[in-house]
>>> print(open('upload-v4.cif').read())   # mmCIF, C-alpha atoms
data_work
loop_
_atom_site.label_atom_id
_atom_site.label_comp_id
_atom_site.auth_asym_id
_atom_site.auth_seq_id
_atom_site.Cartn_x
_atom_site.Cartn_y
_atom_site.Cartn_z
CA SER A 1 20.01 22.32 -1.79
CA SER A 2 16.91 20.27 -2.54
CA GLY A 3 18.37 17.04 -1.17
CA ILE A 4 18.03 15.30 -4.55
CA ASN A 5 21.10 13.49 -5.75
CA ALA A 6 21.98 15.12 -9.10
CA GLU A 7 23.54 11.92 -10.47
CA TRP A 8 20.56 9.76 -9.46
CA PRO A 9 18.74 9.69 -12.82
CA LEU A 10 21.96 8.89 -14.67
CA ARG A 11 23.28 6.09 -12.46
CA PRO A 12 20.44 3.57 -13.05
CA GLY A 13 20.51 4.40 -16.76
CA PHE A 14 24.22 3.75 -17.07
CA THR A 15 23.88 0.60 -14.97
CA PHE A 16 21.13 -0.64 -17.28
CA LEU A 17 23.12 0.09 -20.42
CA SER A 18 26.26 -1.59 -19.11
CA THR A 19 24.55 -4.75 -17.80
CA GLU A 20 24.79 -8.00 -19.71
CA PRO A 21 21.15 -9.23 -19.89
CA GLY A 22 21.87 -12.98 -19.81
CA ARG A 23 23.72 -12.98 -16.48
CA GLN A 24 21.98 -14.53 -13.47
CA ASP A 25 22.36 -11.34 -11.43
CA ALA A 26 21.58 -9.02 -14.34
CA TYR A 27 19.93 -5.80 -13.16
CA SER A 28 20.32 -6.64 -9.44
CA GLU A 29 22.02 -3.32 -8.82
CA ILE A 30 18.94 -1.51 -10.14
CA LEU A 31 16.35 -3.84 -8.60
CA TYR A 32 17.76 -3.50 -5.08
CA ASP A 33 18.71 0.18 -5.23
CA ARG A 34 16.89 1.77 -2.27
CA GLU A 35 17.24 5.22 -3.80
CA LEU A 36 14.74 4.16 -6.47
CA LEU A 37 11.07 4.06 -5.57
CA LEU A 38 9.59 0.63 -5.02
CA GLU A 39 7.09 1.26 -7.82
CA ASP A 40 9.92 2.05 -10.23
CA ARG A 41 11.87 -1.04 -9.26
CA VAL A 42 8.78 -3.23 -9.68
CA GLY A 43 8.00 -1.63 -13.04
CA PHE A 44 11.55 -2.24 -14.17
CA ALA A 45 11.37 -5.86 -13.01
CA CYS A 46 8.09 -6.39 -14.89
CA ARG A 47 9.66 -5.12 -18.08
CA PHE A 48 13.07 -6.78 -18.00
CA LEU A 49 12.98 -9.95 -15.87
CA SER A 50 11.91 -13.41 -16.92
CA ASP A 51 8.70 -14.70 -15.34
CA ALA A 52 10.60 -16.88 -12.86
CA ARG A 53 12.94 -14.07 -11.76
CA LEU A 54 10.03 -11.62 -11.61
CA LYS A 55 8.06 -13.90 -9.29
CA LYS A 56 11.10 -14.41 -7.06
CA PHE A 57 11.79 -10.66 -6.99
CA VAL A 58 8.18 -9.67 -6.26
CA ASP A 59 7.75 -12.33 -3.55
CA GLY A 60 10.99 -11.26 -1.88
CA GLN A 61 10.22 -7.57 -2.08
CA CYS A 62 6.68 -8.13 -0.85
CA SER A 63 7.86 -10.02 2.24
CA GLU A 64 10.59 -7.49 2.94
CA GLU A 65 8.44 -4.39 2.45
CA VAL A 66 5.47 -5.77 4.41
CA ALA A 67 7.77 -6.64 7.32
CA ALA A 68 9.26 -3.14 7.16
CA GLY A 69 5.79 -1.56 7.11
CA ASN A 70 6.44 0.32 3.88
CA ILE A 71 3.00 1.56 2.86
CA ARG A 72 4.13 1.70 -0.77
CA ALA A 73 4.13 -2.11 -0.67
CA VAL A 74 0.41 -1.95 -1.42
CA VAL A 75 1.51 -2.06 -5.09
CA LEU A 76 2.69 -5.59 -4.30
CA THR A 77 0.05 -6.76 -1.82
CA GLY A 78 -2.95 -5.30 -3.58
CA LEU A 79 -6.06 -4.80 -1.52
CA LYS A 80 -6.51 -8.43 -0.62
CA TYR A 81 -3.86 -10.88 0.35
CA GLN A 82 -1.35 -9.22 2.66
CA LEU A 83 -3.03 -5.85 3.14
CA ARG A 84 -3.89 -6.43 6.79
CA GLU A 85 -0.39 -7.67 7.55
CA LEU A 86 1.06 -4.61 5.79
CA MET A 87 -1.25 -2.22 7.64
CA GLN A 88 -0.42 -3.85 10.99
CA SER A 89 3.30 -3.56 10.31
CA TYR A 90 2.89 0.06 9.18
CA LEU A 91 0.85 0.83 12.29
CA ASP A 92 3.43 -0.83 14.56
CA ASN A 93 6.25 1.20 12.97
CA THR A 94 4.53 4.57 12.74
CA SER A 95 1.50 4.62 15.09
CA ASP A 96 -0.30 6.36 12.21
CA VAL A 97 -3.84 5.10 12.82
CA GLN A 98 -5.45 7.65 10.51
CA THR A 99 -3.60 6.44 7.40
CA VAL A 100 -4.43 2.82 8.23
CA CYS A 101 -8.12 3.67 8.72
CA LEU A 102 -8.25 5.59 5.45
CA ALA A 103 -6.45 2.78 3.60
CA LEU A 104 -8.85 0.17 4.97
CA THR A 105 -11.83 2.37 4.08
CA MET A 106 -10.50 2.68 0.52
CA ALA A 107 -9.87 -1.06 0.40
CA LYS A 108 -13.50 -1.68 1.32
CA ARG A 109 -14.45 0.70 -1.48
CA TYR A 110 -12.46 -1.02 -4.20
CA GLU A 111 -12.16 -4.65 -3.12
CA PRO A 112 -15.45 -6.57 -3.04
CA SER A 113 -14.01 -9.35 -0.83
CA MET A 114 -13.47 -6.76 1.90
CA GLU A 115 -17.24 -6.26 2.07
CA THR A 116 -17.66 -9.73 3.53
CA ILE A 117 -16.08 -8.41 6.71
CA SER A 118 -18.82 -7.70 9.19
CA ASP A 119 -18.61 -4.18 10.54
CA THR A 120 -19.51 -5.61 13.94
CA ASP A 121 -16.96 -8.45 14.10
CA PRO A 122 -14.83 -7.40 17.10
CA THR A 123 -11.95 -9.71 16.11
CA ASP A 124 -11.42 -8.33 12.61
CA PHE A 125 -8.29 -6.17 12.29
CA SER A 126 -9.97 -3.42 10.29
CA ASN A 127 -12.79 -3.15 12.83
CA VAL A 128 -10.39 -3.08 15.78
CA VAL A 129 -8.32 -0.30 14.22
CA MET A 130 -11.41 1.68 13.23
CA GLU A 131 -12.99 1.35 16.68
CA ASN A 132 -9.79 2.52 18.36
CA TYR A 133 -9.61 5.49 16.02
CA LEU A 134 -13.23 6.42 16.69
CA ARG A 135 -12.60 6.11 20.45
CA TYR A 136 -9.70 8.51 20.01
CA PHE A 137 -12.08 11.05 18.47
CA ASP A 138 -14.45 10.55 21.42
CA MET A 139 -11.69 10.93 24.03
CA ARG A 140 -10.65 14.24 22.48
CA CYS A 141 -14.27 15.42 22.17
CA MET A 142 -13.81 15.60 18.40
CA TRP A 143 -17.38 14.61 17.58
CA ILE A 144 -17.64 16.75 14.45
CA GLU A 145 -14.42 15.26 13.05
CA ARG A 146 -15.65 11.76 13.91
CA ALA A 147 -18.95 12.37 12.13
CA LEU A 148 -17.17 13.77 9.07
CA PHE A 149 -14.79 10.81 8.97
CA GLN A 150 -17.59 8.25 9.24
CA ASN A 151 -19.75 10.11 6.72
CA GLU A 152 -16.93 10.22 4.14
CA GLY A 153 -16.31 6.49 4.58
CA LYS A 154 -19.98 5.76 3.94
CA LYS A 155 -19.94 8.01 0.87
CA LEU A 156 -17.01 6.05 -0.53
CA LEU A 157 -18.88 2.78 -0.16
CA LYS A 158 -22.08 4.22 -1.68
CA ASN A 159 -20.18 5.62 -4.67
CA ARG A 160 -18.67 2.21 -5.35
CA ALA A 161 -22.10 0.60 -5.22
CA LYS A 162 -23.46 3.18 -7.70
CA ILE A 163 -20.56 2.63 -10.10
CA GLU A 164 -20.95 -1.15 -9.94
CA GLN A 165 -24.71 -0.84 -10.49
CA HIS A 166 -24.11 1.37 -13.51
CA LEU A 167 -21.57 -1.07 -14.97
CA ASN A 168 -23.86 -4.06 -14.58
#
>>> encode(input="upload-v4.cif", output="structure tokens")
Amino acid sequence: SSGINAEWPLRPGFTFLSTEPGRQDAYSEILYDRELLLEDRVGFACRFLSDARLKKFVDGQCSEEVAAGNIRAVVLTGLKYQLRELMQSYLDNTSDVQTVCLALTMAKRYEPSMETISDTDPTDFSNVVMENYLRYFDMRCMWIERALFQNEGKKLLKNRAKIEQHLN
């Protein structure tokens, strides 16, 4: 048994086909079905909800998923607005510092506003998490792994700068 519900792909399809589009709660069963991936539910909402309902749905899902620490909520938060809150919630729920550090490194790669964060600002969330992670490497005498991690992060930032230079 693979653990996949055999009727899963059919149920949302039948629900969609049997839903009256004009109703106020149209598609709610699909939009709030936790067996569907967040990305799928958001994609469905983008396609079939009015602008007002879409905004309400996305705002509600964003708040809920950030509070729950669901890392997939990055499709809603993007790399800017609630990313730090999402990462903090994820870290609190999972203690997975490595994923948070990698996500913040990638955010610095792709989101120019993240570059304004000083790498030496001791109060910035991303710096605090990164410093704690690097201290963990030091405590475990994992100097090679630390160097590789830091080197890869710097490569990511350099690659972004090269791409931007090429595009301009």
>>> residues_around(input="upload-v4.cif", residues="A:Val129", least_positions_apart="3", cutoff="10 Å", atoms="all atoms listed in the file", output="JSON, numbers by chain")
{"A": [87, 88, 91, 97, 98, 100, 101, 104, 124, 125, 126, 132, 133, 134, 135]}
>>> residues_around(input="upload-v4.cif", residues="A:Leu83", least_positions_apart="2", cutoff="10 Å", atoms="only C-alpha atoms", output="PyMOL selection string")
chain A and resi 66+71+73-74+76-81+85-89+103-104+107
>>> write_last_selection(input="upload-v4.cif", atoms="C-alpha atoms", output="mmCIF file, keeping the file's coordinate frame")
data_model
loop_
_atom_site.group_PDB
_atom_site.id
_atom_site.type_symbol
_atom_site.label_atom_id
_atom_site.label_comp_id
_atom_site.auth_asym_id
_atom_site.auth_seq_id
_atom_site.Cartn_x
_atom_site.Cartn_y
_atom_site.Cartn_z
ATOM 1 C CA VAL A 66 5.470 -5.770 4.410
ATOM 2 C CA ILE A 71 3.000 1.560 2.860
ATOM 3 C CA ALA A 73 4.130 -2.110 -0.670
ATOM 4 C CA VAL A 74 0.410 -1.950 -1.420
ATOM 5 C CA LEU A 76 2.690 -5.590 -4.300
ATOM 6 C CA THR A 77 0.050 -6.760 -1.820
ATOM 7 C CA GLY A 78 -2.950 -5.300 -3.580
ATOM 8 C CA LEU A 79 -6.060 -4.800 -1.520
ATOM 9 C CA LYS A 80 -6.510 -8.430 -0.620
ATOM 10 C CA TYR A 81 -3.860 -10.880 0.350
ATOM 11 C CA GLU A 85 -0.390 -7.670 7.550
ATOM 12 C CA LEU A 86 1.060 -4.610 5.790
ATOM 13 C CA MET A 87 -1.250 -2.220 7.640
ATOM 14 C CA GLN A 88 -0.420 -3.850 10.990
ATOM 15 C CA SER A 89 3.300 -3.560 10.310
ATOM 16 C CA ALA A 103 -6.450 2.780 3.600
ATOM 17 C CA LEU A 104 -8.850 0.170 4.970
ATOM 18 C CA ALA A 107 -9.870 -1.060 0.400
#
>>> axis_aligned_box(input="upload-v4.cif", around="stretch 92-104 of chain A", padding_each_side="5 Å", output="JSON")
{"center_x": -1.3, "center_y": 3.4, "center_z": 9.3, "size_x": 25.1, "size_y": 18.5, "size_z": 21.5}
>>> resolve_selection(input="upload-v4.cif", expression="the PyMOL selection byres ((chain A and resi 45-53) around 10)", output="list in words")
Pro21, Gln24, Asp25, Ala26, Tyr27, Ser28, Ile30, Leu31, Glu39, Asp40, Arg41, Val42, Gly43, Phe44, Leu54, Lys55, Lys56, Phe57, Val58 and Asp59 of chain A
